[in-house]
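Pasted below: input.txt, compact mmCIF, C-alpha atoms and all ligand atoms.
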```
# COMPACT_ATOMS: atom_id res chain seq x y z
CA MET T 827 8.93 -1.33 -3.23
CA ARG T 828 7.07 -2.61 -6.26
CA LEU T 829 6.52 0.22 -8.73
CA TYR T 830 4.00 1.24 -11.37
CA GLY T 831 4.37 -1.12 -14.31
CA ASP T 832 5.02 -4.16 -12.13
CA PRO T 833 2.42 -6.81 -13.04
CA ILE T 834 1.91 -7.76 -9.38
CA LEU T 835 0.19 -4.39 -8.86
CA ARG T 836 -2.44 -5.44 -11.41
CA ARG T 837 -3.21 -8.86 -10.01
CA LYS T 838 -6.13 -9.75 -7.77
CA ALA T 839 -4.57 -10.75 -4.44
CA LYS T 840 -5.54 -13.94 -2.61
CA PRO T 841 -7.17 -14.21 0.84
CA LEU T 842 -4.88 -15.26 3.69
CA GLN T 843 -4.98 -16.61 7.24
CA PRO T 844 -2.96 -15.17 10.15
CA SER T 845 -1.28 -18.59 10.51
CA ASP T 846 0.00 -18.62 6.91
CA THR T 847 3.67 -18.67 6.00
CA LEU T 848 4.43 -16.05 3.38
CA HIS T 849 7.12 -16.07 0.74
CA VAL T 850 8.19 -12.53 -0.05
CA PRO T 851 10.43 -12.66 -3.12
CA GLY T 852 14.01 -11.94 -2.05
CA TYR T 853 13.38 -12.97 1.59
CA GLU T 854 13.22 -16.15 3.65
CA PRO T 855 9.68 -17.40 4.44
CA GLN T 856 7.99 -15.27 7.13
CA THR T 857 4.94 -15.31 9.35
CA VAL T 858 2.08 -12.92 8.60
CA ARG T 859 3.00 -10.93 11.73
CA GLN T 860 6.61 -10.58 10.57
CA VAL T 861 5.46 -9.39 7.17
CA ALA T 862 3.06 -6.90 8.79
CA ASP T 863 5.97 -5.52 10.87
CA THR T 864 8.14 -5.23 7.76
CA MET T 865 5.31 -3.45 5.96
CA LEU T 866 4.82 -0.98 8.83
CA GLU T 867 8.58 -0.29 8.93
CA THR T 868 8.65 0.23 5.16
CA MET T 869 5.61 2.49 5.32
CA PHE T 870 7.22 4.71 7.98
CA GLU T 871 10.56 4.78 6.16
CA GLU T 872 8.82 5.91 2.98
CA ARG T 873 6.65 8.33 4.98
CA GLY T 874 3.46 6.79 3.71
CA VAL T 875 0.02 6.48 5.29
CA GLY T 876 -0.68 2.99 3.99
CA LEU T 877 0.93 0.03 2.27
CA ALA T 878 -0.66 -3.05 0.70
CA ALA T 879 1.04 -6.45 0.47
CA PRO T 880 1.25 -6.47 -3.36
CA GLN T 881 3.42 -3.35 -3.07
CA ILE T 882 6.15 -5.45 -1.46
CA GLY T 883 5.63 -8.29 -3.92
CA LEU T 884 3.12 -10.38 -1.99
CA PRO T 885 -0.15 -11.15 -3.78
CA VAL T 886 -2.20 -11.54 -0.57
CA ARG T 887 -5.11 -9.53 0.84
CA MET T 888 -3.43 -7.57 3.60
CA PHE T 889 -2.58 -3.93 4.17
CA VAL T 890 -1.20 -1.68 6.89
CA ALA T 891 -2.23 1.91 7.47
CA VAL T 892 -1.62 4.63 10.02
CA GLU T 893 -3.30 7.65 11.48
CA TYR T 894 -1.00 10.44 12.62
CA GLU T 895 -1.61 13.09 15.22
CA ASP T 896 -2.26 16.49 13.79
CA ASP T 897 0.90 18.46 13.62
CA GLU T 898 1.31 22.13 12.91
CA GLU T 899 4.56 21.52 11.10
CA GLU T 900 2.92 19.03 8.79
CA LYS T 901 0.14 21.46 7.96
CA GLU T 902 2.81 23.87 6.85
CA GLY T 903 4.34 21.12 4.77
CA GLN T 904 7.73 21.37 6.46
CA GLU T 905 7.78 18.07 8.23
CA LYS T 906 6.35 14.78 7.06
CA PRO T 907 4.72 12.18 9.31
CA LEU T 908 7.00 10.20 11.61
CA ARG T 909 6.50 7.14 13.76
CA SER T 910 6.63 9.25 16.93
CA ARG T 911 3.38 10.92 15.95
CA VAL T 912 1.39 7.76 15.37
CA LEU T 913 -2.13 7.90 16.73
CA ARG T 914 -3.12 4.42 15.58
CA GLU T 915 -1.70 1.66 13.40
CA TYR T 916 -3.87 -0.73 11.42
CA VAL T 917 -3.12 -4.19 10.07
CA MET T 918 -6.04 -5.59 8.11
CA LEU T 919 -6.35 -9.05 6.58
CA ASN T 920 -9.02 -9.82 3.98
CA PRO T 921 -10.65 -6.37 4.24
CA VAL T 922 -14.10 -5.86 2.78
CA ILE T 923 -15.38 -2.33 2.36
CA LYS T 924 -18.99 -1.36 2.78
CA VAL T 925 -19.94 2.14 1.73
CA LEU T 926 -21.90 3.97 4.44
CA ASP T 927 -22.22 7.27 2.67
CA LYS T 928 -22.47 7.16 -1.12
CA LYS T 929 -21.63 10.82 -1.41
CA LYS T 930 -18.26 11.02 -3.10
CA ASP T 931 -15.55 13.14 -1.66
CA LYS T 932 -12.80 14.61 -3.85
CA SER T 933 -11.22 17.01 -1.45
CA TYR T 934 -7.91 15.33 -0.64
CA GLN T 935 -4.75 14.92 -2.62
CA GLU T 936 -3.84 11.30 -3.24
CA GLY T 937 -0.50 9.66 -3.92
CA CYS T 938 0.93 6.16 -3.84
CA LEU T 939 4.30 4.74 -2.74
CA SER T 940 4.28 2.65 -5.93
CA ILE T 941 3.88 5.79 -8.07
CA PRO T 942 6.46 8.07 -6.43
CA GLY T 943 6.26 11.79 -7.04
CA ILE T 944 2.78 11.81 -8.57
CA TYR T 945 -0.06 13.36 -6.61
CA GLU T 946 -3.55 14.19 -7.77
CA GLU T 947 -6.63 15.76 -6.31
CA GLY T 948 -10.10 14.74 -7.34
CA VAL T 949 -10.02 10.97 -6.87
CA PRO T 950 -13.65 10.28 -5.96
CA ARG T 951 -13.95 8.18 -2.78
CA ALA T 952 -16.88 7.35 -0.53
CA ARG T 953 -16.78 9.72 2.44
CA ARG T 954 -17.77 7.13 5.01
CA VAL T 955 -17.08 3.40 4.95
CA SER T 956 -17.18 0.38 7.21
CA VAL T 957 -14.32 -2.13 6.87
CA SER T 958 -14.75 -5.75 7.91
CA TYR T 959 -11.43 -7.55 8.30
CA THR T 960 -9.46 -10.15 10.23
CA ASP T 961 -6.78 -8.96 12.65
CA LEU T 962 -3.41 -10.63 13.31
CA ASP T 963 -4.94 -12.74 16.10
CA GLY T 964 -7.55 -14.11 13.73
CA GLN T 965 -10.39 -12.04 15.22
CA ALA T 966 -13.09 -10.77 12.87
CA ARG T 967 -13.46 -7.01 13.28
CA THR T 968 -15.36 -4.10 11.83
CA LEU T 969 -14.27 -0.49 11.82
CA ASP T 970 -16.05 2.62 10.61
CA ALA T 971 -13.99 5.38 9.09
CA GLU T 972 -14.63 8.69 7.46
CA ASP T 973 -12.89 11.36 5.42
CA TYR T 974 -9.14 10.87 5.06
CA LEU T 975 -8.96 7.50 6.85
CA ALA T 976 -11.88 6.18 4.78
CA ARG T 977 -9.94 7.27 1.69
CA VAL T 978 -6.80 5.45 2.83
CA PHE T 979 -8.73 2.22 3.45
CA GLN T 980 -10.34 2.45 0.00
CA HIS T 981 -6.97 3.16 -1.67
CA GLU T 982 -5.32 0.17 0.05
CA THR T 983 -8.21 -2.21 -0.62
CA ASP T 984 -8.05 -1.17 -4.28
CA HIS T 985 -4.44 -2.44 -4.36
CA LEU T 986 -5.72 -5.91 -3.43
CA ASP T 987 -7.88 -5.87 -6.55
CA GLY T 988 -5.12 -4.66 -8.84
CA LYS T 989 -6.40 -1.10 -8.95
CA LEU T 990 -4.39 2.13 -8.66
CA PHE T 991 -5.61 5.63 -7.84
CA LEU T 992 -4.90 6.91 -11.34
CA ASP T 993 -7.49 4.42 -12.63
CA HIS T 994 -10.18 6.52 -10.94
CA LEU T 995 -9.20 9.65 -12.85
CA PRO T 996 -9.73 10.57 -16.51
CA ALA T 997 -7.16 9.02 -18.87
CA GLU T 998 -5.86 12.53 -19.68
CA ILE T 999 -4.42 12.74 -16.18
CA THR T 1000 -2.36 9.60 -16.76
CA ASP T 1001 -1.31 11.06 -20.13
CA GLU T 1002 -0.15 14.24 -18.43
CA HIS T 1003 2.19 12.16 -16.28
CA ARG T 1004 3.31 9.96 -19.18
CA ARG T 1005 6.99 10.90 -18.99
CA ASP T 1006 7.29 10.37 -15.25
CA LEU T 1007 5.31 7.14 -15.44
CA LEU T 1008 7.67 5.81 -18.13
CA LYS T 1009 10.62 6.53 -15.83
CA ILE T 1010 8.91 4.68 -12.98
CA GLN T 1011 8.12 1.75 -15.31
CA GLN T 1012 11.77 1.57 -16.30
CA ALA T 1013 12.83 1.57 -12.65
CA SER T 1014 10.32 -1.21 -12.03
CA LYS T 1015 11.78 -3.26 -14.89
CA ASN T 1016 15.31 -2.82 -13.53
CA PHE T 1017 14.19 -3.82 -10.07
CA LEU T 1018 12.47 -6.99 -11.31
CA HIS T 1019 15.58 -7.89 -13.29
CA HIS T 1020 17.75 -7.56 -10.17
CA LEU T 1021 15.25 -9.50 -8.12
CA THR T 1022 15.32 -12.43 -10.56
CA THR T 1023 19.12 -12.49 -10.51
CA TRP T 1024 19.16 -12.28 -6.73
CA GLU T 1025 16.59 -15.10 -6.34
CA LYS T 1026 18.62 -17.34 -8.68
CA GLN T 1027 21.78 -16.69 -6.69
CA ARG T 1028 20.02 -17.42 -3.42
CA GLN T 1029 18.60 -20.65 -4.83
CA HIS T 1030 22.05 -21.61 -6.09
CA THR T 1031 23.67 -20.89 -2.70
CA ARG T 1032 21.06 -22.93 -0.90
CA GLU T 1033 21.47 -25.90 -3.24
CA ASN T 1034 25.21 -25.87 -2.65
CA LEU T 1035 25.15 -25.72 1.14
ZN ZN U 1 -0.96 2.96 -3.17
```

Could you write out this file's structure as structure tokens?
Ligand SMILES: [Zn+2]
Amino acid sequence: MRLYGDPILRRKAKPLQPSDTLHVPGYEPQTVRQVADTMLETMFEERGVGLAAPQIGLPVRMFVAVEYEDDEEEKEGQEKPLRSRVLREYVMLNPVIKVLDKKKDKSYQEGCLSIPGIYEEGVPRARRVSVSYTDLDGQARTLDAEDYLARVFQHETDHLDGKLFLDHLPAEITDEHRRDLLKIQQASKNFLHHLTTWEKQRQHTRENL
């Protein structure tokens, strides 16, 4: 997982085609479908509701998201979402968001797998949106969403433009989390260092085969 402080989270991601071959740093080249599967797996492992390609180190315009069935346990905060309770999974390529209802909604708490442990209420998001995207078969599709799902789609599309949810909140909020964010930035640095070493070793091994 790419973490807060990683420059890839601040880059504008590039459009992609379902037939593309993708090079995830640290992995062999993969098809878009393989990467989507990996992203879904990662999202479920991390108990997230969405994951954008830049968060796994890929600067392309793709995200996955999930809707879970309502669960009493979850409402009580005892049990987090699991794959067995999936209502619907989404894989969206080149998503474009159109706002259907300009009224901003601030009623949900928002977090991000790239900013672990930090949650904030009050991120203003359009309550109703329409997303145009390409699916894994190359079909152009449009989907309307509201409330929480609309929020998830907006959060994930933001990632493709190098934007994070904290950017939508007053700077004081980021300041309040300064210490935790510094820790995450340090973890990000360490990860990138390991990744570089790992990539060099892999390159070296391949050259010597
Ligand atoms: Zn996020």

- Interatomic distance, atom CA of Pro880 of chain T to atom CA of Leu848 of chain T (Å, one decimal): 12.1 Å

- Message: As a quick test: using all atoms listed in the file, which residues lie no more than 10 Å away from ligand ZN 1 (chain U)? Give them as JSON, numbers by chain.
- Response: {"T": [829, 830, 835, 874, 875, 876, 877, 878, 880, 881, 936, 937, 938, 939, 940, 941, 942, 978, 980, 981, 982, 983, 984, 985, 989, 990, 991, 992]}

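For the pair atom CA of Asp927 of chain T and atom CA of Phe889 of chain T, the separation is 22.7 Å.
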
- Message: Counting only C-alpha atoms, which residue out of T:Leu962, T:Val861, T:Ala952, T:Ala997 sits closest to Tyr916 of chain T?
- Response: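 The shortest atom-to-atom distance to Tyr916 of chain T comes from T:Leu962.
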
- Which polymer residues have any atom within 10 Å of an atom of Ala1013 of chain T, counting all atoms listed in the file, with same-chain residues fewer than 4 positions away left out, as JSON, numbers by chain? {"T": [828, 829, 830, 831, 832, 1007, 1008, 1009, 1017, 1018, 1019]}

Residue subset to file, keeping C-alpha atoms, as a CSV table (one decimal), in the frame of the given file:
```csv
chain,number,residue,atom,x,y,z
T,828,ARG,CA,7.1,-2.6,-6.3
T,829,LEU,CA,6.5,0.2,-8.7
T,830,TYR,CA,4.0,1.2,-11.4
T,831,GLY,CA,4.4,-1.1,-14.3
T,832,ASP,CA,5.0,-4.2,-12.1
T,1007,LEU,CA,5.3,7.1,-15.4
T,1008,LEU,CA,7.7,5.8,-18.1
T,1009,LYS,CA,10.6,6.5,-15.8
T,1017,PHE,CA,14.2,-3.8,-10.1
T,1018,LEU,CA,12.5,-7.0,-11.3
T,1019,HIS,CA,15.6,-7.9,-13.3
```

- Query: So how many Å separate atom CA of Arg836 of chain T and atom CA of Gly883 of chain T, to one decimal?
  - Reply: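 These atoms are spaced 11.4 Å apart.
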
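Among the candidates T:Glu854, T:Glu1002, T:Glu871, T:Asp961, the residue lying nearest to Ile944 of chain T is T:Glu1002 (atoms considered: only C-alpha atoms).
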
Compile the contact shell of Arg909 of chain T as a short mmCIF file (atom, residue, chain, number, x, y, z; two decimals) with C-alpha atoms, keeping the file's coordinate frame: residues with an atom at most 9 Å away, counting all atoms listed in the file, same-chain residues fewer than 4 positions apart removed.
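Written out: out-v2.cif:
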```cif
data_model
loop_
_atom_site.label_atom_id
_atom_site.label_comp_id
_atom_site.auth_asym_id
_atom_site.auth_seq_id
_atom_site.Cartn_x
_atom_site.Cartn_y
_atom_site.Cartn_z
CA PHE T 870 7.22 4.71 7.98
CA GLU T 871 10.56 4.78 6.16
CA ARG T 873 6.65 8.33 4.98
CA TYR T 894 -1.00 10.44 12.62
#
```

- Query: Quick one: of T:Pro844, T:Pro851, T:Pro950, T:Pro833, who's nearest to Gln1029 of chain T, counting all atoms listed in the file?
  - Reply: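 Among the listed residues, T:Pro851 lies closest to Gln1029 of chain T.
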
- Query: Using all atoms listed in the file, which of the listed residues (T:Ile923, T:Met918, T:Ile999, T:Ala976) sits closest to Tyr959 of chain T?
  - Reply: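 Once distances to Tyr959 of chain T are computed over all atoms listed in the file, the minimum belongs to T:Met918.
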
Test item: residues at most 12 Å from Val922 of chain T, all atoms listed in the file, excluding those fewer than 5 positions along its chain, as a short mmCIF file (atom, residue, chain, number, x, y, z; two decimals) with C-alpha atoms, in the frame of the given file:
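Now in out18.cif:
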```cif
data_model
loop_
_atom_site.label_atom_id
_atom_site.label_comp_id
_atom_site.auth_asym_id
_atom_site.auth_seq_id
_atom_site.Cartn_x
_atom_site.Cartn_y
_atom_site.Cartn_z
CA PRO T 841 -7.17 -14.21 0.84
CA ARG T 887 -5.11 -9.53 0.84
CA MET T 888 -3.43 -7.57 3.60
CA PHE T 889 -2.58 -3.93 4.17
CA VAL T 955 -17.08 3.40 4.95
CA SER T 956 -17.18 0.38 7.21
CA VAL T 957 -14.32 -2.13 6.87
CA SER T 958 -14.75 -5.75 7.91
CA TYR T 959 -11.43 -7.55 8.30
CA THR T 960 -9.46 -10.15 10.23
CA ALA T 966 -13.09 -10.77 12.87
CA ARG T 967 -13.46 -7.01 13.28
CA THR T 968 -15.36 -4.10 11.83
CA LEU T 969 -14.27 -0.49 11.82
CA ASP T 970 -16.05 2.62 10.61
CA PHE T 979 -8.73 2.22 3.45
CA GLN T 980 -10.34 2.45 0.00
CA GLU T 982 -5.32 0.17 0.05
CA THR T 983 -8.21 -2.21 -0.62
CA ASP T 984 -8.05 -1.17 -4.28
CA LEU T 986 -5.72 -5.91 -3.43
CA ASP T 987 -7.88 -5.87 -6.55
#
```

- Contacts of Asp931 of chain T within 9 Å, all atoms listed in the file, excl. fewer than 4 positions in-chain, as an MDAnalysis selection string: chainID T and resid 948:953 973 977

- Query: Hey, which of T:Met869, T:Leu884, T:Ala879, T:Ala891 ends up closest to Val850 of chain T? Count only C-alpha atoms.
  - Reply: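 Closest candidate: T:Leu884.
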
- Message: Applying 9 Å and all atoms listed in the file, which residues near Leu913 of chain T remain after dropping the ones on its own chain fewer than 5 positions away? List them as a list in words.
- Response: Val892, Glu893, Tyr894 and Glu895 of chain T

Once you have the residues from the selection above, write them out as an mmCIF file, keeping the file's coordinate frame, restricted to C-alpha atoms.
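Final file, selection.cif:
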```
data_model
loop_
_atom_site.group_PDB
_atom_site.id
_atom_site.type_symbol
_atom_site.label_atom_id
_atom_site.label_comp_id
_atom_site.auth_asym_id
_atom_site.auth_seq_id
_atom_site.Cartn_x
_atom_site.Cartn_y
_atom_site.Cartn_z
ATOM 1 C CA VAL T 892 -1.620 4.630 10.020
ATOM 2 C CA GLU T 893 -3.300 7.650 11.480
ATOM 3 C CA TYR T 894 -1.000 10.440 12.620
ATOM 4 C CA GLU T 895 -1.610 13.090 15.220
#
```

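Here the question is which of T:His1003, T:Gly988, T:Lys838, T:Val912 gets nearest to Tyr945 of chain T using only C-alpha atoms, and that residue is T:His1003.
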
Completed segment 995-1006 of chain T (all heavy atoms) as a CSV table (one decimal), keeping the file's coordinate frame:
```
chain,number,residue,atom,x,y,z
T,995,LEU,N,-9.2,8.3,-12.2
T,995,LEU,CA,-9.2,9.6,-12.8
T,995,LEU,C,-9.3,9.5,-14.4
T,995,LEU,O,-9.0,8.5,-14.9
T,995,LEU,CB,-7.9,10.4,-12.4
T,995,LEU,CG,-7.8,10.7,-10.9
T,995,LEU,CD1,-6.4,11.1,-10.6
T,995,LEU,CD2,-8.8,11.8,-10.5
T,996,PRO,N,-9.7,10.6,-15.0
T,996,PRO,CA,-9.7,10.6,-16.5
T,996,PRO,C,-8.4,10.2,-17.1
T,996,PRO,O,-7.3,10.5,-16.5
T,996,PRO,CB,-10.1,12.0,-16.9
T,996,PRO,CG,-10.6,12.6,-15.7
T,996,PRO,CD,-10.1,11.9,-14.5
T,997,ALA,N,-8.4,9.5,-18.2
T,997,ALA,CA,-7.2,9.0,-18.9
T,997,ALA,C,-6.2,10.2,-19.2
T,997,ALA,O,-5.0,10.0,-19.2
T,997,ALA,CB,-7.5,8.3,-20.2
T,998,GLU,N,-6.7,11.4,-19.4
T,998,GLU,CA,-5.9,12.5,-19.7
T,998,GLU,C,-4.9,12.8,-18.5
T,998,GLU,O,-3.8,13.3,-18.8
T,998,GLU,CB,-6.7,13.8,-19.9
T,998,GLU,CG,-7.7,13.8,-21.0
T,998,GLU,CD,-9.0,13.2,-20.6
T,998,GLU,OE1,-9.8,14.0,-20.0
T,998,GLU,OE2,-9.3,12.0,-20.9
T,999,ILE,N,-5.3,12.5,-17.3
T,999,ILE,CA,-4.4,12.7,-16.2
T,999,ILE,C,-3.2,11.8,-16.3
T,999,ILE,O,-2.1,12.2,-16.1
T,999,ILE,CB,-5.2,12.5,-14.8
T,999,ILE,CG1,-6.4,13.4,-14.8
T,999,ILE,CG2,-4.2,12.7,-13.7
T,999,ILE,CD1,-6.3,14.8,-14.3
T,1000,THR,N,-3.5,10.5,-16.6
T,1000,THR,CA,-2.4,9.6,-16.8
T,1000,THR,C,-1.5,10.1,-17.9
T,1000,THR,O,-0.2,10.0,-17.8
T,1000,THR,CB,-2.9,8.2,-17.0
T,1000,THR,OG1,-3.7,7.8,-15.9
T,1000,THR,CG2,-1.8,7.2,-17.2
T,1001,ASP,N,-2.1,10.6,-19.0
T,1001,ASP,CA,-1.3,11.1,-20.1
T,1001,ASP,C,-0.4,12.2,-19.7
T,1001,ASP,O,0.8,12.3,-20.2
T,1001,ASP,CB,-2.2,11.5,-21.3
T,1001,ASP,CG,-2.8,10.3,-22.0
T,1001,ASP,OD1,-2.3,9.2,-21.9
T,1001,ASP,OD2,-3.8,10.5,-22.8
T,1002,GLU,N,-0.9,13.1,-18.9
T,1002,GLU,CA,-0.2,14.2,-18.4
T,1002,GLU,C,1.1,13.8,-17.7
T,1002,GLU,O,2.1,14.5,-17.7
T,1002,GLU,CB,-1.0,15.1,-17.5
T,1002,GLU,CG,-1.9,16.1,-18.1
T,1002,GLU,CD,-2.9,16.7,-17.1
T,1002,GLU,OE1,-2.5,16.8,-16.0
T,1002,GLU,OE2,-4.0,17.1,-17.6
T,1003,HIS,N,1.0,12.6,-17.0
T,1003,HIS,CA,2.2,12.2,-16.3
T,1003,HIS,C,3.0,11.1,-17.1
T,1003,HIS,O,3.9,10.5,-16.5
T,1003,HIS,CB,1.7,11.5,-15.0
T,1003,HIS,CG,1.1,12.5,-14.0
T,1003,HIS,ND1,1.8,13.5,-13.4
T,1003,HIS,CD2,-0.2,12.6,-13.5
T,1003,HIS,CE1,1.1,14.2,-12.6
T,1003,HIS,NE2,-0.2,13.7,-12.7
T,1004,ARG,N,2.7,11.0,-18.4
T,1004,ARG,CA,3.3,10.0,-19.2
T,1004,ARG,C,4.8,9.8,-19.0
T,1004,ARG,O,5.4,8.7,-18.8
T,1004,ARG,CB,3.0,10.2,-20.7
T,1004,ARG,CG,3.4,9.2,-21.7
T,1004,ARG,CD,2.8,7.8,-21.4
T,1004,ARG,NE,1.4,7.7,-21.4
T,1004,ARG,CZ,0.7,6.7,-20.8
T,1004,ARG,NH1,1.3,5.8,-20.1
T,1004,ARG,NH2,-0.6,6.7,-20.8
T,1005,ARG,N,5.5,10.9,-19.1
T,1005,ARG,CA,7.0,10.9,-19.0
T,1005,ARG,C,7.5,10.4,-17.7
T,1005,ARG,O,8.4,9.5,-17.6
T,1005,ARG,CB,7.6,12.3,-19.2
T,1005,ARG,CG,7.7,12.6,-20.7
T,1005,ARG,CD,8.2,14.0,-21.0
T,1005,ARG,NE,9.6,14.1,-20.5
T,1005,ARG,CZ,10.4,15.1,-20.8
T,1005,ARG,NH1,9.9,16.1,-21.6
T,1005,ARG,NH2,11.6,15.2,-20.3
T,1006,ASP,N,6.9,10.8,-16.6
T,1006,ASP,CA,7.3,10.4,-15.2
T,1006,ASP,C,6.9,8.9,-15.1
T,1006,ASP,O,7.7,8.1,-14.5
T,1006,ASP,CB,6.6,11.2,-14.2
T,1006,ASP,CG,7.2,12.6,-14.1
T,1006,ASP,OD1,8.4,12.7,-14.4
T,1006,ASP,OD2,6.5,13.6,-13.8
```
